[in-house]
>>> print(open('model_33.txt').read())   # compact mmCIF, C-alpha atoms
# COMPACT_ATOMS: atom_id res chain seq x y z
CA MET A 28 7.54 45.73 104.43
CA TYR A 29 6.52 48.97 106.12
CA LYS A 30 3.31 48.46 108.11
CA MET A 31 2.40 52.12 108.55
CA ILE A 32 2.54 55.14 106.25
CA ALA A 33 2.35 58.58 107.87
CA LEU A 34 1.51 61.52 105.63
CA ASP A 35 1.66 65.24 106.15
CA LEU A 36 -1.16 66.94 104.22
CA ASP A 37 -0.45 70.39 102.80
CA GLY A 38 2.58 70.35 100.53
CA THR A 39 2.84 66.56 100.81
CA LEU A 40 -0.35 64.53 100.28
CA ASN A 41 -2.13 67.44 98.62
CA ASN A 42 -0.79 69.18 95.55
CA ASP A 43 -0.64 72.97 95.37
CA ALA A 44 -4.31 73.03 94.36
CA LYS A 45 -5.08 71.40 97.75
CA VAL A 46 -6.28 68.11 96.25
CA ILE A 47 -5.01 64.52 96.21
CA THR A 48 -4.13 63.57 92.65
CA PRO A 49 -5.79 60.43 91.19
CA LYS A 50 -2.44 58.60 90.97
CA THR A 51 -1.53 59.26 94.59
CA ARG A 52 -5.04 58.32 95.76
CA ALA A 53 -4.93 55.05 93.82
CA ALA A 54 -1.53 54.15 95.29
CA LEU A 55 -2.69 54.78 98.86
CA LEU A 56 -5.89 52.79 98.36
CA ALA A 57 -3.82 49.93 96.95
CA VAL A 58 -1.46 49.74 99.95
CA GLN A 59 -4.38 49.89 102.38
CA GLN A 60 -5.89 46.89 100.61
CA GLN A 61 -2.67 45.08 101.54
CA GLY A 62 -3.24 45.80 105.24
CA ILE A 63 -1.03 48.88 105.59
CA ARG A 64 -2.21 51.50 108.11
CA VAL A 65 -2.32 55.05 106.71
CA VAL A 66 -1.98 57.98 109.11
CA LEU A 67 -2.86 61.54 108.14
CA ALA A 68 -0.42 63.59 110.24
CA SER A 69 -1.17 67.29 110.17
CA GLY A 70 -0.94 70.51 112.09
CA ARG A 71 -4.56 71.11 111.10
CA GLN A 72 -7.43 71.05 113.56
CA ALA A 73 -9.21 67.69 113.78
CA PRO A 74 -12.20 68.57 111.53
CA GLY A 75 -9.74 69.67 108.85
CA LEU A 76 -8.67 66.09 108.10
CA GLN A 77 -12.09 64.76 107.14
CA ARG A 78 -11.98 65.63 103.44
CA GLU A 79 -8.72 63.71 102.89
CA ALA A 80 -9.86 60.86 105.16
CA THR A 81 -12.96 60.42 103.01
CA ALA A 82 -10.99 60.61 99.75
CA LEU A 83 -8.70 57.80 100.96
CA ASP A 84 -11.54 55.76 102.52
CA LEU A 85 -9.70 55.60 105.84
CA LYS A 86 -12.90 54.56 107.62
CA SER A 87 -12.89 51.22 105.81
CA TYR A 88 -9.26 50.50 106.65
CA HIS A 89 -8.94 51.80 110.24
CA GLY A 90 -6.77 54.68 109.14
CA LEU A 91 -5.68 57.19 111.77
CA LEU A 92 -6.14 60.96 112.00
CA LEU A 93 -3.28 62.77 113.73
CA SER A 94 -4.25 66.42 114.18
CA TYR A 95 -2.99 69.51 116.04
CA ASN A 96 0.58 68.58 115.09
CA GLY A 97 0.30 65.48 117.29
CA GLY A 98 -2.03 66.73 120.01
CA ARG A 99 -4.75 64.23 119.10
CA ILE A 100 -5.03 60.88 117.28
CA GLU A 101 -8.36 59.38 116.29
CA ASP A 102 -9.30 56.06 114.68
CA ALA A 103 -11.12 57.01 111.48
CA ALA A 104 -13.26 53.85 111.62
CA THR A 105 -14.49 54.01 115.23
CA ASN A 106 -13.91 57.70 116.09
CA GLU A 107 -12.08 56.46 119.20
CA ILE A 108 -9.54 58.98 120.54
CA LEU A 109 -6.33 56.97 120.93
CA TYR A 110 -4.21 59.85 122.24
CA LYS A 111 -4.85 63.44 123.30
CA LYS A 112 -2.67 66.10 124.89
CA GLY A 113 -3.83 69.72 124.80
CA ILE A 114 -2.60 72.95 126.35
CA PRO A 115 -4.06 73.22 129.88
CA ASN A 116 -6.72 75.92 130.01
CA GLU A 117 -4.90 78.20 132.44
CA LEU A 118 -1.68 78.07 130.40
CA ALA A 119 -3.57 78.67 127.15
CA VAL A 120 -5.28 81.73 128.61
CA ARG A 121 -1.97 83.18 129.82
CA PHE A 122 -0.39 82.68 126.41
CA LEU A 123 -3.33 84.29 124.63
CA ARG A 124 -3.10 87.32 126.92
CA HIS A 125 0.61 87.48 126.09
CA LEU A 126 -0.20 87.53 122.36
CA GLU A 127 -2.36 90.62 122.88
CA LYS A 128 0.89 92.63 123.05
CA PHE A 129 1.74 91.87 119.41
CA PRO A 130 0.27 92.77 115.97
CA VAL A 131 -0.70 89.15 115.27
CA SER A 132 -3.86 87.12 114.81
CA PRO A 133 -4.26 84.31 117.38
CA ILE A 134 -6.16 81.31 116.01
CA VAL A 135 -7.53 78.91 118.61
CA ASP A 136 -10.47 76.50 118.48
CA ASP A 137 -12.61 74.32 120.71
CA GLY A 138 -12.95 71.52 118.15
CA ILE A 139 -16.03 73.10 116.58
CA ALA A 140 -15.32 76.80 116.07
CA ILE A 141 -12.36 79.14 115.68
CA TYR A 142 -12.45 82.03 118.14
CA THR A 143 -11.63 85.48 116.82
CA THR A 144 -12.43 89.11 117.56
CA ARG A 145 -13.12 89.98 113.91
CA ALA A 146 -14.10 87.89 110.93
CA ASP A 147 -11.43 89.57 108.81
CA CYS A 148 -8.50 88.82 111.14
CA PHE A 149 -5.45 87.55 109.25
CA LYS A 150 -5.87 83.96 107.98
CA VAL A 151 -8.98 83.26 110.07
CA GLN A 152 -11.27 82.69 107.08
CA ASP A 153 -8.63 80.54 105.36
CA GLU A 154 -8.36 78.34 108.46
CA SER A 155 -12.14 78.16 108.72
CA ARG A 156 -12.46 76.91 105.13
CA ASN A 157 -9.45 74.57 105.24
CA ASN A 158 -10.58 72.94 108.47
CA ASN A 159 -14.35 72.94 107.93
CA MET A 160 -14.90 74.93 111.11
CA GLN A 161 -17.22 77.73 112.11
CA VAL A 162 -15.93 81.17 113.11
CA LYS A 163 -17.06 82.45 116.51
CA ILE A 164 -16.75 86.20 117.10
CA VAL A 165 -15.88 87.07 120.71
CA SER A 166 -14.92 90.32 122.40
CA ASN A 167 -11.72 88.83 123.84
CA ILE A 168 -10.19 85.48 122.87
CA ALA A 169 -8.45 84.80 126.17
CA ASP A 170 -11.65 85.52 128.13
CA ALA A 171 -13.65 83.24 125.84
CA VAL A 172 -11.20 80.36 126.27
CA ALA A 173 -11.17 80.88 130.04
CA GLN A 174 -14.98 80.80 130.15
CA GLY A 175 -15.10 77.75 127.85
CA ARG A 176 -12.70 75.87 130.15
CA PHE A 177 -11.33 73.75 127.32
CA SER A 178 -7.72 72.80 126.64
CA PRO A 179 -6.81 73.74 123.03
CA GLY A 180 -4.90 71.26 120.92
CA LYS A 181 -2.73 74.14 119.72
CA ILE A 182 -2.62 77.92 119.51
CA LEU A 183 -1.70 79.35 116.14
CA THR A 184 -0.09 82.78 115.84
CA ALA A 185 -0.68 84.25 112.38
CA ALA A 186 0.82 87.32 110.72
CA PRO A 187 2.54 88.22 107.45
CA ASN A 188 6.06 86.78 107.37
CA GLU A 189 7.79 90.13 107.60
CA VAL A 190 5.76 90.94 110.74
CA LEU A 191 5.89 87.49 112.35
CA VAL A 192 9.55 86.48 112.06
CA PRO A 193 11.05 89.42 114.01
CA LEU A 194 8.63 88.66 116.87
CA LEU A 195 9.27 84.93 117.25
CA ASP A 196 11.76 85.18 120.12
CA GLU A 197 9.54 87.57 122.08
CA ILE A 198 6.47 85.43 121.53
CA ARG A 199 8.21 82.23 122.60
CA ALA A 200 10.50 83.37 125.43
CA PRO A 201 8.15 83.45 128.46
CA PHE A 202 6.62 80.08 127.58
CA GLN A 203 9.42 78.00 126.08
CA ASP A 204 9.81 75.94 129.27
CA LYS A 205 6.17 74.83 129.07
CA MET A 206 5.27 74.84 125.37
CA ASP A 207 6.84 73.80 122.09
CA PHE A 208 6.83 76.12 119.08
CA VAL A 209 7.37 75.57 115.37
CA GLN A 210 6.97 77.75 112.30
CA SER A 211 4.74 75.60 110.08
CA ALA A 212 4.37 78.17 107.29
CA PRO A 213 5.89 81.61 106.54
CA PHE A 214 2.86 83.18 108.25
CA PHE A 215 2.12 80.60 111.02
CA TYR A 216 3.80 79.95 114.38
CA GLU A 217 2.30 76.96 116.18
CA GLY A 218 2.31 76.51 119.94
CA THR A 219 1.53 73.12 121.51
CA MET A 220 2.04 71.55 124.91
CA GLN A 221 5.68 70.68 125.49
CA GLY A 222 6.57 67.27 124.04
CA VAL A 223 3.70 67.27 121.57
CA ASN A 224 4.82 66.61 118.01
CA LYS A 225 4.07 64.20 115.21
CA ALA A 226 6.83 61.79 116.25
CA ASP A 227 5.77 61.53 119.89
CA SER A 228 2.16 60.84 118.92
CA LEU A 229 3.14 58.28 116.28
CA GLY A 230 5.25 56.56 118.92
CA GLN A 231 2.25 56.32 121.24
CA VAL A 232 0.12 54.76 118.51
CA CYS A 233 2.86 52.41 117.35
CA GLU A 234 3.01 50.99 120.88
CA ILE A 235 -0.76 50.46 120.88
CA LEU A 236 -0.66 48.75 117.48
CA ASP A 237 2.60 46.85 118.11
CA ILE A 238 4.35 48.48 115.17
CA ALA A 239 8.06 49.30 115.47
CA PRO A 240 9.37 52.70 114.33
CA GLU A 241 11.46 50.83 111.76
CA GLU A 242 8.20 49.65 110.19
CA VAL A 243 6.95 53.21 109.59
CA MET A 244 7.34 55.18 106.34
CA ALA A 245 6.70 58.91 106.69
CA PHE A 246 6.39 61.73 104.18
CA GLY A 247 6.70 65.47 104.83
CA ASP A 248 7.75 68.84 103.47
CA ALA A 249 8.03 71.36 106.33
CA GLN A 250 9.86 72.04 109.58
CA ASN A 251 7.07 70.61 111.74
CA ASP A 252 7.57 67.28 109.91
CA ILE A 253 11.20 66.93 111.01
CA PRO A 254 10.49 64.90 114.20
CA MET A 255 8.24 62.50 112.26
CA ILE A 256 10.79 62.05 109.46
CA GLU A 257 13.52 61.34 112.03
CA PHE A 258 11.25 58.90 113.91
CA ALA A 259 10.29 56.77 110.93
CA GLY A 260 12.28 53.81 109.66
CA LEU A 261 12.06 55.48 106.25
CA GLY A 262 11.67 59.24 106.40
CA VAL A 263 10.92 60.70 102.97
CA ALA A 264 11.17 64.38 102.01
CA MET A 265 9.04 65.64 99.15
CA GLY A 266 10.88 67.23 96.24
CA ASN A 267 9.35 70.55 97.29
CA ALA A 268 10.39 70.17 100.95
CA CYS A 269 12.39 72.75 102.87
CA GLN A 270 16.15 72.23 102.85
CA GLU A 271 16.27 71.37 106.57
CA LEU A 272 13.97 68.41 106.00
CA LYS A 273 15.83 67.19 102.93
CA GLU A 274 19.08 67.16 104.88
CA ILE A 275 17.80 64.76 107.56
CA ALA A 276 15.54 62.58 105.37
CA ASP A 277 16.47 59.01 104.41
CA ASP A 278 15.22 59.57 100.87
CA ILE A 279 13.82 62.34 98.66
CA THR A 280 10.97 61.74 96.25
CA LEU A 281 9.26 63.84 93.58
CA SER A 282 7.25 66.93 94.52
CA ASN A 283 3.66 67.03 95.74
CA ASN A 284 2.65 68.20 92.26
CA ASN A 285 4.32 65.21 90.62
CA ASP A 286 2.89 62.31 92.63
CA GLY A 287 5.93 62.00 94.89
CA ILE A 288 4.10 59.71 97.30
CA ALA A 289 2.92 57.32 94.58
CA HIS A 290 6.42 57.30 93.08
CA MET A 291 7.96 56.22 96.40
CA LEU A 292 5.28 53.67 97.26
CA ALA A 293 5.81 51.94 93.91
CA LYS A 294 9.42 51.31 94.98
CA HIS A 295 8.39 49.47 98.13
CA TYR A 296 5.03 47.83 97.41
CA ASP A 297 3.56 45.74 94.65
CA ILE A 298 1.04 48.28 93.39
>>> encode(input="model_33.txt", output="structure tokens")
Amino acid sequence: MYKMIALDLDGTLNNDAKVITPKTRAALLAVQQQGIRVVLASGRQAPGLQREATALDLKSYHGLLLSYNGGRIEDAATNEILYKKGIPNELAVRFLRHLEKFPVSPIVDDGIAIYTTRADCFKVQDESRNNNMQVKIVSNIADAVAQGRFSPGKILTAAPNEVLVPLLDEIRAPFQDKMDFVQSAPFFYEGTMQGVNKADSLGQVCEILDIAPEEVMAFGDAQNDIPMIEFAGLGVAMGNACQELKEIADDITLSNNNDGIAHMLAKHYDI
């Protein structure tokens, strides 16, 4: 019996309409009633997990919220922060000044608001809506982060795919010995503190809860899910997952639009 189920959100738990289907929701409520811990494991900012946490009633079952691609884990029932590792303020400011050289839209937040120089910057409004966060207009993002003295969970670089991909090496090169980078969508390049990923954070929590990696089932669809899928005793790729993830997964289920999670859970639990 797997004691923990870790779920990526977009493209995995949510269908393409960005909602949890009734069948998948019912399956996850049923396993929680059997004492299984559910972890929402996302690259999203922390406030962006609340809608799904409420839909799955994680507060009643001590579910966990893993945000910033592993930079923070919170107990949904107590709001206790079990693990947190952000980008040190000085390093974040240097990276943001570096991004000023490129035709990209940096997206960084302080846990409440996304900082941007213009409300119409690429993907800023989408991130604001998806993560239930305010947008804060500043004259310079790096200066604002320096003045705020906070350590961001991640720094997102956004641009259309044809603009972003040719720049990846240049963006990463001066910081690759201090930060980790992953392309989480065709138009997003995520930077976190080195060593921060979904697998590392799950490992920290598994130690706290005395759950072995072999007792974890994880679901994902994208490149930033690869460490988590490799970490879990049963790593499951969605039918719509990228080929890289499918190649390393232990099993492949149906797509996010066809209740892939519910289909797999029915194989392993009496639901």
>>> closest_residue(input="model_33.txt", among="A:Ala186, A:Ile134, A:Ala33, A:Val151", to="Leu229 of chain A", atoms="all atoms listed in the file")
A:Ala33
>>> closest_residue(input="model_33.txt", among="A:Arg121, A:Lys225, A:Lys111, A:Arg78", to="Ile47 of chain A", atoms="all atoms listed in the file")
A:Arg78
>>> residues_near_point(input="model_33.txt", point="(-13.3, 63.8, 119.6)", cutoff="9 Å", atoms="all atoms listed in the file", output="number ranges by chain")
A: 73, 99, 101, 106-108, 138
>>> closest_residue(input="model_33.txt", among="A:Leu292, A:Ala140, A:Ala276, A:Ala185", to="Val162 of chain A", atoms="all atoms listed in the file")
A:Ala140
>>> atom_distance(input="model_33.txt", atom1="atom CA of His125 of chain A", atom2="atom CA of Pro201 of chain A")
8.9 Å
>>> closest_residue(input="model_33.txt", among="A:Ile256, A:Val223, A:Ala169, A:Ala44", to="Leu272 of chain A", atoms="all atoms listed in the file")
A:Ile256
>>> closest_residue(input="model_33.txt", among="A:Glu154, A:Glu197, A:Asp137, A:Asp207", to="Gly180 of chain A", atoms="all atoms listed in the file")
A:Asp137
>>> atom_distance(input="model_33.txt", atom1="atom CA of Glu234 of chain A", atom2="atom CA of Gly38 of chain A")
28.1 Å
>>> closest_residue(input="model_33.txt", among="A:Ile182, A:Ile141, A:Met220, A:Val209", to="Ile253 of chain A", atoms="all atoms listed in the file")
A:Val209
>>> residues_around(input="model_33.txt", residues="Leu194 of chain A", least_positions_apart="5", cutoff="12 Å", atoms="all atoms listed in the file", output="VMD selection string")
chain A and resid 126 128 to 131 184 to 189 199 to 200 210 214 to 216
>>> write_last_selection(input="model_33.txt", atoms="C-alpha atoms", output="mmCIF file, in the coordinates of the input")
data_model
loop_
_atom_site.group_PDB
_atom_site.id
_atom_site.type_symbol
_atom_site.label_atom_id
_atom_site.label_comp_id
_atom_site.auth_asym_id
_atom_site.auth_seq_id
_atom_site.Cartn_x
_atom_site.Cartn_y
_atom_site.Cartn_z
ATOM 1 C CA LEU A 126 -0.200 87.530 122.360
ATOM 2 C CA LYS A 128 0.890 92.630 123.050
ATOM 3 C CA PHE A 129 1.740 91.870 119.410
ATOM 4 C CA PRO A 130 0.270 92.770 115.970
ATOM 5 C CA VAL A 131 -0.700 89.150 115.270
ATOM 6 C CA THR A 184 -0.090 82.780 115.840
ATOM 7 C CA ALA A 185 -0.680 84.250 112.380
ATOM 8 C CA ALA A 186 0.820 87.320 110.720
ATOM 9 C CA PRO A 187 2.540 88.220 107.450
ATOM 10 C CA ASN A 188 6.060 86.780 107.370
ATOM 11 C CA GLU A 189 7.790 90.130 107.600
ATOM 12 C CA ARG A 199 8.210 82.230 122.600
ATOM 13 C CA ALA A 200 10.500 83.370 125.430
ATOM 14 C CA GLN A 210 6.970 77.750 112.300
ATOM 15 C CA PHE A 214 2.860 83.180 108.250
ATOM 16 C CA PHE A 215 2.120 80.600 111.020
ATOM 17 C CA TYR A 216 3.800 79.950 114.380
#
>>> atom_distance(input="model_33.txt", atom1="atom CA of Pro74 of chain A", atom2="atom CA of Met160 of chain A")
6.9 Å
>>> residues_around(input="model_33.txt", residues="segment 278-288 of chain A", least_positions_apart="5", cutoff="6 Å", atoms="all atoms listed in the file", output="number ranges by chain")
A: 38-39, 42, 51, 263-267
>>> residues_near_point(input="model_33.txt", point="(-12.5, 90.8, 122.1)", cutoff="12 Å", atoms="all atoms listed in the file", output="JSON, numbers by chain")
{"A": [123, 124, 127, 132, 133, 142, 143, 144, 145, 146, 148, 163, 164, 165, 166, 167, 168, 169, 170, 171, 172]}
>>> closest_atom_pairs(input="model_33.txt", of="segment 141-260 of chain A", to="segment 80-94 of chain A", cutoff="12 Å", atoms="all atoms listed in the file", output="JSON lines")
{"residue": "A:Asn158", "atom": "CA", "partner": "A:Ser94", "partner_atom": "CA", "distance": 10.7}
{"residue": "A:Pro179", "atom": "CA", "partner": "A:Ser94", "partner_atom": "CA", "distance": 11.8}
{"residue": "A:Gly180", "atom": "CA", "partner": "A:Ser94", "partner_atom": "CA", "distance": 8.3}
{"residue": "A:Lys181", "atom": "CA", "partner": "A:Ser94", "partner_atom": "CA", "distance": 9.6}
{"residue": "A:Thr219", "atom": "CA", "partner": "A:Ser94", "partner_atom": "CA", "distance": 11.5}
{"residue": "A:Val223", "atom": "CA", "partner": "A:Ser94", "partner_atom": "CA", "distance": 10.9}
{"residue": "A:Asn224", "atom": "CA", "partner": "A:Ser94", "partner_atom": "CA", "distance": 9.8}
{"residue": "A:Lys225", "atom": "CA", "partner": "A:Leu93", "partner_atom": "CA", "distance": 7.6}
{"residue": "A:Ala226", "atom": "CA", "partner": "A:Leu93", "partner_atom": "CA", "distance": 10.5}
{"residue": "A:Asp227", "atom": "CA", "partner": "A:Leu93", "partner_atom": "CA", "distance": 11.0}
{"residue": "A:Ser228", "atom": "CA", "partner": "A:Leu93", "partner_atom": "CA", "distance": 7.8}
{"residue": "A:Leu229", "atom": "CA", "partner": "A:Leu93", "partner_atom": "CA", "distance": 8.2}
{"residue": "A:Gly230", "atom": "CA", "partner": "A:Leu93", "partner_atom": "CA", "distance": 11.8}
{"residue": "A:Gln231", "atom": "CA", "partner": "A:Leu93", "partner_atom": "CA", "distance": 11.3}
{"residue": "A:Val232", "atom": "CA", "partner": "A:Leu91", "partner_atom": "CA", "distance": 9.2}
{"residue": "A:Cys233", "atom": "CA", "partner": "A:Leu91", "partner_atom": "CA", "distance": 11.3}
{"residue": "A:Leu236", "atom": "CA", "partner": "A:Leu91", "partner_atom": "CA", "distance": 11.4}
{"residue": "A:Met255", "atom": "CA", "partner": "A:Leu93", "partner_atom": "CA", "distance": 11.6}
>>> axis_aligned_box(input="model_33.txt", around="segment 74-77 of chain A", padding_each_side="4 Å", output="AutoDock Vina command-line options")
--center_x -10.4 --center_y 67.2 --center_z 109.3 --size_x 11.5 --size_y 12.9 --size_z 12.4
>>> decode(input="model_33.txt", residues="segment 109-133 of chain A", atoms="C-alpha atoms", output="PDB file, in the first residue's frame")
ATOM      1  CA  LEU A 109       7.533  22.033   7.006  1.00  0.00           C
ATOM      2  CA  TYR A 110      10.291  22.983   4.566  1.00  0.00           C
ATOM      3  CA  LYS A 111      11.425  26.173   2.842  1.00  0.00           C
ATOM      4  CA  LYS A 112      14.410  27.022   0.669  1.00  0.00           C
ATOM      5  CA  GLY A 113      14.328  30.207  -1.396  1.00  0.00           C
ATOM      6  CA  ILE A 114      16.847  32.066  -3.528  1.00  0.00           C
ATOM      7  CA  PRO A 115      18.926  34.334  -1.244  1.00  0.00           C
ATOM      8  CA  ASN A 116      18.018  37.969  -1.799  1.00  0.00           C
ATOM      9  CA  GLU A 117      21.408  39.060  -3.110  1.00  0.00           C
ATOM     10  CA  LEU A 118      21.551  36.196  -5.614  1.00  0.00           C
ATOM     11  CA  ALA A 119      17.970  36.832  -6.740  1.00  0.00           C
ATOM     12  CA  VAL A 120      18.731  40.502  -7.357  1.00  0.00           C
ATOM     13  CA  ARG A 121      21.823  39.663  -9.416  1.00  0.00           C
ATOM     14  CA  PHE A 122      19.875  37.193 -11.534  1.00  0.00           C
ATOM     15  CA  LEU A 123      17.072  39.686 -12.125  1.00  0.00           C
ATOM     16  CA  ARG A 124      19.592  42.305 -13.266  1.00  0.00           C
ATOM     17  CA  HIS A 125      21.032  39.680 -15.614  1.00  0.00           C
ATOM     18  CA  LEU A 126      17.576  39.078 -17.111  1.00  0.00           C
ATOM     19  CA  GLU A 127      17.330  42.778 -18.004  1.00  0.00           C
ATOM     20  CA  LYS A 128      19.651  42.021 -20.948  1.00  0.00           C
ATOM     21  CA  PHE A 129      17.057  39.794 -22.638  1.00  0.00           C
ATOM     22  CA  PRO A 130      13.616  40.305 -24.272  1.00  0.00           C
ATOM     23  CA  VAL A 131      11.864  38.277 -21.564  1.00  0.00           C
ATOM     24  CA  SER A 132       9.350  38.869 -18.797  1.00  0.00           C
ATOM     25  CA  PRO A 133      10.695  38.037 -15.310  1.00  0.00           C
TER      26      PRO A 133
END
